[in-house]
Structures are given as C-alpha cells and as structure tokens.
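One file, start14.csv, carrying CSV, C-alpha atoms:
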chain,number,residue,atom,x,y,z
A,1,MET,CA,-8.5,-45.2,9.1
A,2,ASN,CA,-10.7,-42.4,10.5
A,3,GLU,CA,-8.7,-39.1,10.9
A,4,ASP,CA,-9.8,-38.5,14.5
A,5,ARG,CA,-8.6,-42.0,15.5
A,6,ARG,CA,-5.3,-41.4,13.7
A,7,GLN,CA,-4.8,-38.1,15.6
A,8,ILE,CA,-5.6,-39.9,18.9
A,9,ILE,CA,-3.0,-42.6,18.2
A,10,VAL,CA,-0.4,-40.1,17.2
A,11,LYS,CA,-0.9,-38.1,20.4
A,12,GLU,CA,-0.5,-41.3,22.4
A,13,ILE,CA,2.7,-42.2,20.6
A,14,ASP,CA,4.0,-38.7,21.4
A,15,HIS,CA,3.1,-39.2,25.0
A,16,TRP,CA,4.9,-42.5,25.1
A,17,ARG,CA,8.0,-40.8,23.6
A,18,ARG,CA,8.0,-38.0,26.2
A,19,SER,CA,7.3,-40.3,29.0
A,20,LYS,CA,10.1,-42.7,27.9
A,21,LEU,CA,7.6,-45.6,27.9
A,22,LEU,CA,9.0,-46.8,24.5
A,23,PRO,CA,12.4,-46.3,22.9
A,24,ASP,CA,12.6,-43.6,20.3
A,25,GLN,CA,13.1,-46.0,17.4
A,26,TYR,CA,9.9,-47.8,18.3
A,27,CYS,CA,8.0,-44.5,18.4
A,28,ASP,CA,9.4,-43.5,15.1
A,29,PHE,CA,8.3,-46.8,13.6
A,30,LEU,CA,4.7,-46.3,14.9
A,31,LEU,CA,4.6,-42.7,13.7
A,32,ASN,CA,5.6,-43.9,10.2
A,33,LEU,CA,2.6,-46.2,10.3
A,34,TYR,CA,0.0,-43.8,11.6
A,35,ALA,CA,1.1,-40.2,11.1
A,36,ASP,CA,1.2,-38.1,7.9
A,37,GLN,CA,4.7,-37.5,6.5
A,38,ASP,CA,4.3,-33.7,6.8
A,39,THR,CA,3.5,-34.0,10.5
A,40,ILE,CA,6.5,-36.3,11.1
A,41,HIS,CA,8.9,-33.8,9.5
A,42,THR,CA,7.3,-30.9,11.4
A,43,ASN,CA,7.7,-32.7,14.7
A,44,LYS,CA,11.3,-33.7,13.9
A,45,ASP,CA,12.2,-30.1,13.1
A,46,GLN,CA,10.6,-28.8,16.3
A,47,GLN,CA,12.5,-31.4,18.3
A,48,ASN,CA,15.8,-30.6,16.6
A,49,THR,CA,15.2,-26.8,17.3
A,50,VAL,CA,14.4,-27.4,20.9
A,51,GLY,CA,17.3,-29.9,21.2
A,52,LYS,CA,19.7,-27.4,19.8
A,53,ALA,CA,18.5,-24.7,22.2
A,54,ILE,CA,18.8,-27.0,25.2
A,55,ALA,CA,22.2,-28.2,24.1
A,56,ALA,CA,23.4,-24.6,23.7
A,57,VAL,CA,22.1,-23.7,27.2
A,58,GLN,CA,23.8,-26.8,28.7
A,59,LYS,CA,27.2,-26.1,27.0
A,60,ALA,CA,27.2,-22.4,27.9
A,61,THR,CA,30.2,-21.4,30.1
A,62,GLY,CA,30.0,-19.2,33.1
A,63,MET,CA,31.4,-16.3,31.2
A,64,GLN,CA,28.7,-16.6,28.6
A,65,TRP,CA,26.0,-16.6,31.3
A,66,PHE,CA,27.7,-13.6,32.9
A,67,LEU,CA,27.8,-11.7,29.6
A,68,THR,CA,24.1,-12.6,28.8
A,69,PHE,CA,22.7,-11.4,32.2
A,70,GLY,CA,25.2,-8.5,32.3
A,71,THR,CA,24.0,-7.3,28.9
A,72,PHE,CA,20.4,-7.6,29.9
A,73,THR,CA,21.1,-5.7,33.2
A,74,LEU,CA,22.9,-2.9,31.3
A,75,ILE,CA,20.0,-2.5,28.8
A,76,SER,CA,17.5,-2.3,31.7
A,77,PHE,CA,19.7,0.3,33.4
A,78,VAL,CA,20.0,2.5,30.3
A,79,VAL,CA,16.2,2.3,29.7
A,80,LEU,CA,15.3,3.2,33.3
A,81,TYR,CA,17.8,6.0,33.7
A,82,PHE,CA,18.1,7.4,30.2
A,83,ASN,CA,16.4,10.7,31.1
A,84,GLU,CA,19.0,11.2,33.9
A,85,PHE,CA,21.9,11.1,31.5
A,86,HIS,CA,23.8,14.1,30.2
A,87,PRO,CA,22.6,15.1,26.7
A,88,LEU,CA,25.9,14.1,25.2
A,89,LEU,CA,25.7,10.7,26.9
A,90,GLN,CA,22.1,10.3,25.6
A,91,MET,CA,23.4,11.0,22.1
A,92,ALA,CA,26.2,8.5,22.5
A,93,VAL,CA,23.8,5.8,23.7
A,94,VAL,CA,21.5,6.3,20.7
A,95,ALA,CA,24.4,6.3,18.3
A,96,LEU,CA,25.9,3.1,19.9
A,97,GLY,CA,22.5,1.4,19.9
A,98,THR,CA,22.1,2.2,16.2
A,99,VAL,CA,25.6,0.9,15.3
A,100,VAL,CA,25.0,-2.3,17.2
A,101,PHE,CA,21.7,-2.9,15.4
A,102,LEU,CA,23.3,-2.2,12.0
A,103,ARG,CA,26.2,-4.5,12.8
A,104,ILE,CA,23.9,-7.4,13.8
A,105,GLY,CA,21.6,-6.8,10.9
A,106,GLN,CA,24.5,-6.9,8.4
A,107,ARG,CA,25.8,-10.2,9.9
A,108,LEU,CA,22.3,-11.7,9.8
A,109,ARG,CA,21.7,-10.8,6.2
A,110,GLY,CA,24.0,-13.6,5.0
A,111,ARG,CA,21.9,-16.2,6.7
A,112,ASN,CA,18.4,-14.7,6.7
A,113,GLU,CA,17.7,-11.7,4.5
A,114,ALA,CA,14.4,-10.8,6.1
A,115,ALA,CA,15.7,-11.0,9.7
A,116,GLY,CA,18.8,-8.9,8.8
A,117,LEU,CA,16.7,-6.2,7.2
A,118,SER,CA,14.3,-6.1,10.1
A,119,ILE,CA,17.2,-5.6,12.6
A,120,THR,CA,18.7,-2.9,10.3
A,121,SER,CA,15.3,-1.1,10.0
A,122,THR,CA,15.1,-1.2,13.8
A,123,GLY,CA,18.5,0.5,14.1
A,124,MET,CA,17.4,3.2,11.6
A,125,LEU,CA,14.2,3.8,13.5
A,126,LEU,CA,16.1,4.0,16.7
A,127,LEU,CA,18.2,6.8,15.3
A,128,LEU,CA,15.2,8.8,14.2
A,129,GLY,CA,13.0,7.9,17.2
A,130,GLY,CA,15.7,8.5,19.8
A,131,GLY,CA,16.5,11.9,18.3
A,132,LEU,CA,12.9,13.0,18.3
A,133,TYR,CA,12.5,11.8,21.9
A,134,MET,CA,15.5,13.8,23.0
A,135,LEU,CA,14.3,16.9,21.2
A,136,ASN,CA,10.9,16.6,22.8
A,137,TYR,CA,12.4,15.9,26.3
A,138,HIS,CA,14.8,18.9,26.2
A,139,GLY,CA,12.1,21.2,24.9
A,140,LEU,CA,13.6,21.8,21.5
A,141,ASP,CA,10.2,22.2,19.7
A,142,HIS,CA,11.3,24.5,16.9
A,143,TRP,CA,10.6,23.1,13.5
A,144,GLY,CA,14.2,23.6,12.5
A,145,TRP,CA,15.5,21.1,15.0
A,146,ARG,CA,13.2,18.4,13.7
A,147,THR,CA,13.9,19.3,10.1
A,148,GLY,CA,17.7,19.1,10.8
A,149,LEU,CA,17.3,15.7,12.5
A,150,LEU,CA,15.2,14.3,9.6
A,151,ALA,CA,17.8,15.7,7.1
A,152,PHE,CA,20.6,14.0,8.9
A,153,SER,CA,18.7,10.7,9.1
A,154,ALA,CA,17.9,10.9,5.4
A,155,ILE,CA,21.6,11.4,4.4
A,156,PHE,CA,22.6,8.5,6.7
A,157,TRP,CA,19.9,6.3,5.2
A,158,ILE,CA,20.9,7.1,1.7
A,159,THR,CA,24.6,6.6,2.4
A,160,TYR,CA,24.1,3.3,4.3
A,161,GLY,CA,21.5,2.1,1.8
A,162,ILE,CA,23.9,2.5,-1.1
A,163,ALA,CA,26.9,1.1,0.8
A,164,ALA,CA,25.0,-2.0,2.1
A,165,ARG,CA,23.0,-2.4,-1.1
A,166,ILE,CA,19.5,-2.0,0.5
A,167,PRO,CA,17.4,-0.2,-2.1
A,168,ALA,CA,14.4,0.2,0.2
A,169,LEU,CA,16.5,2.1,2.7
A,170,HIS,CA,18.1,4.2,0.0
A,171,PHE,CA,14.6,5.1,-1.3
A,172,SER,CA,13.4,5.9,2.2
A,173,GLY,CA,16.2,8.3,2.5
A,174,TRP,CA,15.2,10.2,-0.6
A,175,LEU,CA,11.6,10.2,0.6
A,176,ALA,CA,12.8,11.9,3.8
A,177,VAL,CA,14.8,14.4,1.7
A,178,VAL,CA,11.6,15.2,-0.3
A,179,LEU,CA,9.7,15.7,2.9
A,180,VAL,CA,12.4,18.1,4.2
A,181,TYR,CA,12.3,20.1,1.0
A,182,ALA,CA,8.6,20.4,1.2
A,183,TRP,CA,8.8,21.4,4.8
A,184,LEU,CA,11.3,24.2,4.0
A,185,LEU,CA,9.1,25.4,1.2
A,186,SER,CA,6.1,25.6,3.4
A,187,GLU,CA,8.1,27.7,6.0
A,188,PHE,CA,9.8,30.1,3.6
A,189,THR,CA,7.2,30.6,0.9
A,190,ALA,CA,3.8,32.0,1.1
A,191,ASP,CA,0.9,32.5,-1.3
A,192,SER,CA,2.7,30.7,-4.1
A,193,LYS,CA,1.0,30.6,-7.5
A,194,TRP,CA,0.3,27.2,-9.2
A,195,TYR,CA,3.1,27.8,-11.7
A,196,GLU,CA,5.5,28.7,-9.0
A,197,ILE,CA,4.9,25.4,-7.2
A,198,GLN,CA,5.5,23.6,-10.5
A,199,LEU,CA,8.8,25.5,-10.8
A,200,TYR,CA,9.8,24.5,-7.2
A,201,TRP,CA,9.6,20.8,-8.1
A,202,LEU,CA,9.9,20.0,-11.8
A,203,PRO,CA,13.6,20.9,-12.1
A,204,ILE,CA,14.3,18.6,-9.2
A,205,ALA,CA,12.4,15.8,-11.0
A,206,CYS,CA,14.6,16.4,-14.1
A,207,LEU,CA,17.7,16.3,-11.9
A,208,PHE,CA,16.7,12.9,-10.5
A,209,GLY,CA,16.0,11.7,-14.0
A,210,TRP,CA,19.4,12.8,-15.2
A,211,GLY,CA,21.0,11.2,-12.1
A,212,SER,CA,19.3,7.9,-12.9
A,213,TRP,CA,20.8,8.0,-16.4
A,214,PHE,CA,24.2,9.1,-15.2
A,215,VAL,CA,24.7,6.3,-12.6
A,216,HIS,CA,23.1,3.4,-14.4
A,217,ARG,CA,26.5,2.3,-15.8
A,218,TRP,CA,27.8,1.8,-12.3
A,219,SER,CA,24.8,0.6,-10.3
A,220,LYS,CA,21.4,-0.4,-11.7
A,221,ALA,CA,19.9,-0.6,-8.2
A,222,VAL,CA,20.9,3.1,-7.4
A,223,SER,CA,19.6,4.1,-10.9
A,224,ALA,CA,16.3,2.4,-10.3
A,225,VAL,CA,15.9,4.2,-6.9
A,226,LEU,CA,16.6,7.6,-8.5
A,227,PHE,CA,14.2,6.8,-11.3
A,228,LEU,CA,11.5,5.9,-8.9
A,229,THR,CA,12.2,9.1,-6.9
A,230,CYS,CA,12.0,11.1,-10.1
A,231,SER,CA,8.6,9.7,-10.8
A,232,LEU,CA,7.5,10.6,-7.3
A,233,VAL,CA,8.8,14.2,-7.5
A,234,TRP,CA,7.1,14.6,-10.9
A,235,PHE,CA,3.7,14.6,-9.1
A,236,MET,CA,4.9,16.4,-5.9
A,237,PRO,CA,3.6,19.8,-7.0
A,238,GLU,CA,0.0,18.5,-6.8
A,239,LEU,CA,0.6,16.7,-3.5
A,240,TYR,CA,2.3,19.8,-2.1
A,241,ALA,CA,-0.6,22.0,-3.1
A,242,VAL,CA,-3.0,19.6,-1.3
A,243,MET,CA,-0.9,19.4,1.9
A,244,PHE,CA,0.8,22.8,2.3
A,245,ALA,CA,-0.6,25.3,-0.1
A,246,ASP,CA,-4.1,26.6,-0.6
A,247,VAL,CA,-4.0,26.4,-4.4
A,248,MET,CA,-6.8,24.0,-5.5
A,249,ALA,CA,-7.7,25.7,-8.8
A,250,TRP,CA,-7.3,23.4,-11.8
A,251,LEU,CA,-5.6,20.8,-9.7
A,252,GLN,CA,-7.4,17.9,-11.4
A,253,LEU,CA,-6.6,19.3,-14.8
A,254,GLN,CA,-2.9,19.7,-13.9
A,255,LEU,CA,-2.8,16.1,-12.6
A,256,ILE,CA,-4.4,14.7,-15.8
A,257,ILE,CA,-2.0,16.7,-18.0
A,258,LYS,CA,1.1,15.6,-16.1
A,259,ILE,CA,-0.1,11.9,-16.2
A,260,ALA,CA,-0.4,12.2,-20.0
A,261,ILE,CA,3.0,13.9,-20.4
A,262,GLY,CA,4.7,11.5,-18.1
A,263,GLY,CA,3.1,8.4,-19.7
A,264,GLY,CA,4.1,9.8,-23.2
A,265,LEU,CA,7.7,10.3,-22.1
A,266,LEU,CA,7.9,6.8,-20.6
A,267,PHE,CA,6.5,5.3,-23.8
A,268,LEU,CA,8.8,7.3,-26.1
A,269,MET,CA,11.9,6.6,-24.0
A,270,ARG,CA,11.0,3.1,-22.9
A,271,LYS,CA,14.0,1.5,-24.6
A,272,ARG,CA,16.4,3.8,-22.7
A,273,TRP,CA,15.0,4.0,-19.2
A,274,MET,CA,14.4,0.2,-19.1
A,275,VAL,CA,18.1,-0.2,-19.6
A,276,TRP,CA,18.8,2.1,-16.7
A,277,VAL,CA,16.7,0.3,-14.1
A,278,VAL,CA,16.7,-3.4,-15.3
Before we go any further, please render this structure as structure tokens.
Amino acid sequence: MNEDRRQIIVKEIDHWRRSKLLPDQYCDFLLNLYADQDTIHTNKDQQNTVGKAIAAVQKATGMQWFLTFGTFTLISFVVLYFNEFHPLLQMAVVALGTVVFLRIGQRLRGRNEAAGLSITSTGMLLLLGGGLYMLNYHGLDHWGWRTGLLAFSAIFWITYGIAARIPALHFSGWLAVVLVYAWLLSEFTADSKWYEIQLYWLPIACLFGWGSWFVHRWSKAVSAVLFLTCSLVWFMPELYAVMFADVMAWLQLQLIIKIAIGGGLLFLMRKRWMVWVV
C-alpha cells in the first residue's frame, strides 16, 4: 500500500479512537493492519504517559493541590522579593535551594542518572551563581570576595563529588582550585621569569600525581580524577603565561619539551598508572 494512503488511514483510525466512534479493541485491530509496529508502540507509550499523568491529577488530594500551589507561590515570592531580604536570609535561601536540588538529584539518580546529575549540577550552579549575585548586589567587588567564594564552592564540589561518587563534579572542583591558585599568583606575583612560573606549578603537578598513586587502593575513581588533574597542571605554566603573565619567550619550545617529557613518562610508567585509574 502507498505510504501516504497508509498515513491517512492511520490518522482516521486515531480520530475514531479519540472521538469514541469505535471501541478501542477495534481501533487496535485496524492499527495492527495498517500501521507500522514502531508507530504503534510509540502511540501506546504516549497514551500510557498521558494516562498516568491524568490519573495522577484526578487522584490528587486537596492537601497535594495545596502543597503544589503553595510551593509555587513561595518560589515566586522569594524570586520577586529576594533583593529585599536581609543578607543572612539571602544566604539561607541560596543554601536551602542548593540542598533541595542536591537532595532531589540524589534521589533521581537511582531511576535516571542523567536527570539526577542535571538537578545536582543545577544546585551547584545555584550555589556559585547565587553567591556571585549577592556579592555584586551588595557592592563587594574586591577580587578577594570572589576568590573566596570560588574556593568555598570548589571545596564543596570536591567533597560532595567524592561522597556522591560523581567524578565530573569532583574534577570540576579541582579545576576551580587551579583557577583560584592562578588568580592568587596573578595578584601576588609580578614580573615572574619563565623558570619561576614553572616552579609555581610543577611541584603541584607532582603532588597530584603522588596523590593519584596514594589513593588508588581505596578509590579508582578518585585516583583517575587526581591523575587527570595532574596532567592538566603539568601544562598550566604555559597556559598561565598566556593568560596572566607577559612571558612569551620560548613558549612553544617549552610546550614541545614538556609534551615529550610527559609522553615519555606515561610510556615508561604505563603499567603502573593504568592500574591506578582503570
């Protein structure tokens, strides 16, 4: 049968079902004759989803309706009058919102990993974004306030990422720590030589590498994150020189030499570090 005619017939059968012109079992029989099986399963899934939603609304009690609209009203009130709150109350609101998002995300992860991680990420962004908004609103523009907020967020991300077993969040926390360290160096050091910049970062890279080896017996996920952070910090002197310092001499040569040294170390120690992270 022509595909266009098939689609017209299927649409008519769906119209008969919605209009109650034919019983459901007759409509199912006709769909089995004219519709593709994938289309049938899709339509049934959609109908089941809509049916469950309608059933949930119909079975909702008065208290559930009250809690739903009360929660929506409370959120709207907080958003509209947030700037009028006392600073301590603003901090409490941001902290409470973060905790709620983290709690919901943790519960959702058991059923849907992607949805749970999305809610958790929203909570973490609320913590950082809400803090930056309050600093800007209250005129706290000094770099130290923002650095302190980023450092606090980084520590919280690392702690929660390890406890909840979210490697991406754990790694994001270390990225924030690296950014805080680079920010501090840019503020308290000036006219640094190329070898001084290397000394600022290379010992930290070695520290992360040692930490990856030290914790691999307890947690391979944490060890992998530390190893990845070590690899990032290994090249941070060159990135720092581009972003914060005005030391561009021999930068390409430094990068080539460090790539060669890093690749050689990874090759020679491949049987060891693969055990740490795999």
| field | Nearby residues (only C-alpha atoms) at most 12 Å from A:Ile261, same-chain spacing under 6 positions excluded, as JSON, numbers by chain | value | {"A": [231, 234, 235, 254, 255, 267, 268]}
| task | Show which residues sit within 9 Å of stretch 161-165 of chain A, as a PyMOL selection string. Count all atoms listed in the file, and ignore same-chain residues fewer than 5 positions away. | result | chain A and resi 106+156+170-173+221-222
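Residue nearest A:Val233 within the list A:Leu175, A:Val78, A:Met274, A:Val180: A:Leu175 [criterion: smallest interatomic distance, only C-alpha atoms].
Residue nearest A:Ile166, chosen from A:Ser121, A:Gln252, A:Gln90, A:Thr147 and counting all atoms listed in the file: A:Ser121.
Using only C-alpha atoms, the nearest neighbour of A:Ile9 within the list A:Leu22, A:Ala151, A:Leu31, A:Leu88 is A:Leu31.
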For stretch 233-244 of chain A, which lacks atoms in the input, supply N, CA, C and O atoms and format the output as a short mmCIF file (atom, residue, chain, number, x, y, z; two decimals), keeping the file's coordinate frame.
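Output saved as result-v1.cif:
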data_model
loop_
_atom_site.label_atom_id
_atom_site.label_comp_id
_atom_site.auth_asym_id
_atom_site.auth_seq_id
_atom_site.Cartn_x
_atom_site.Cartn_y
_atom_site.Cartn_z
N VAL A 233 8.68 12.74 -7.52
CA VAL A 233 8.80 14.20 -7.50
C VAL A 233 8.03 14.84 -8.65
O VAL A 233 7.57 15.98 -8.54
N TRP A 234 7.86 14.12 -9.73
CA TRP A 234 7.10 14.60 -10.90
C TRP A 234 5.68 15.03 -10.47
O TRP A 234 5.12 16.01 -10.97
N PHE A 235 5.10 14.28 -9.52
CA PHE A 235 3.70 14.60 -9.10
C PHE A 235 3.71 15.29 -7.72
O PHE A 235 2.62 15.49 -7.16
N MET A 236 4.86 15.68 -7.20
CA MET A 236 4.90 16.40 -5.90
C MET A 236 4.23 17.74 -5.92
O MET A 236 3.67 18.16 -4.90
N PRO A 237 4.25 18.53 -7.02
CA PRO A 237 3.60 19.80 -7.00
C PRO A 237 2.10 19.71 -6.59
O PRO A 237 1.59 20.52 -5.80
N GLU A 238 1.41 18.71 -7.14
CA GLU A 238 0.00 18.50 -6.80
C GLU A 238 -0.17 18.07 -5.37
O GLU A 238 -1.06 18.55 -4.65
N LEU A 239 0.69 17.16 -4.92
CA LEU A 239 0.60 16.70 -3.50
C LEU A 239 0.97 17.83 -2.57
O LEU A 239 0.33 17.99 -1.52
N TYR A 240 1.95 18.64 -2.93
CA TYR A 240 2.30 19.80 -2.10
C TYR A 240 1.19 20.79 -2.01
O TYR A 240 0.92 21.37 -0.94
N ALA A 241 0.51 21.03 -3.13
CA ALA A 241 -0.60 22.00 -3.10
C ALA A 241 -1.73 21.50 -2.21
O ALA A 241 -2.40 22.30 -1.57
N VAL A 242 -1.94 20.19 -2.13
CA VAL A 242 -3.00 19.60 -1.30
C VAL A 242 -2.58 19.74 0.20
O VAL A 242 -3.39 20.08 1.07
N MET A 243 -1.31 19.46 0.50
CA MET A 243 -0.90 19.40 1.90
C MET A 243 -0.49 20.70 2.50
O MET A 243 -0.82 20.98 3.67
N PHE A 244 0.23 21.55 1.76
CA PHE A 244 0.80 22.80 2.30
C PHE A 244 0.26 24.07 1.79
O PHE A 244 0.29 25.08 2.47
#
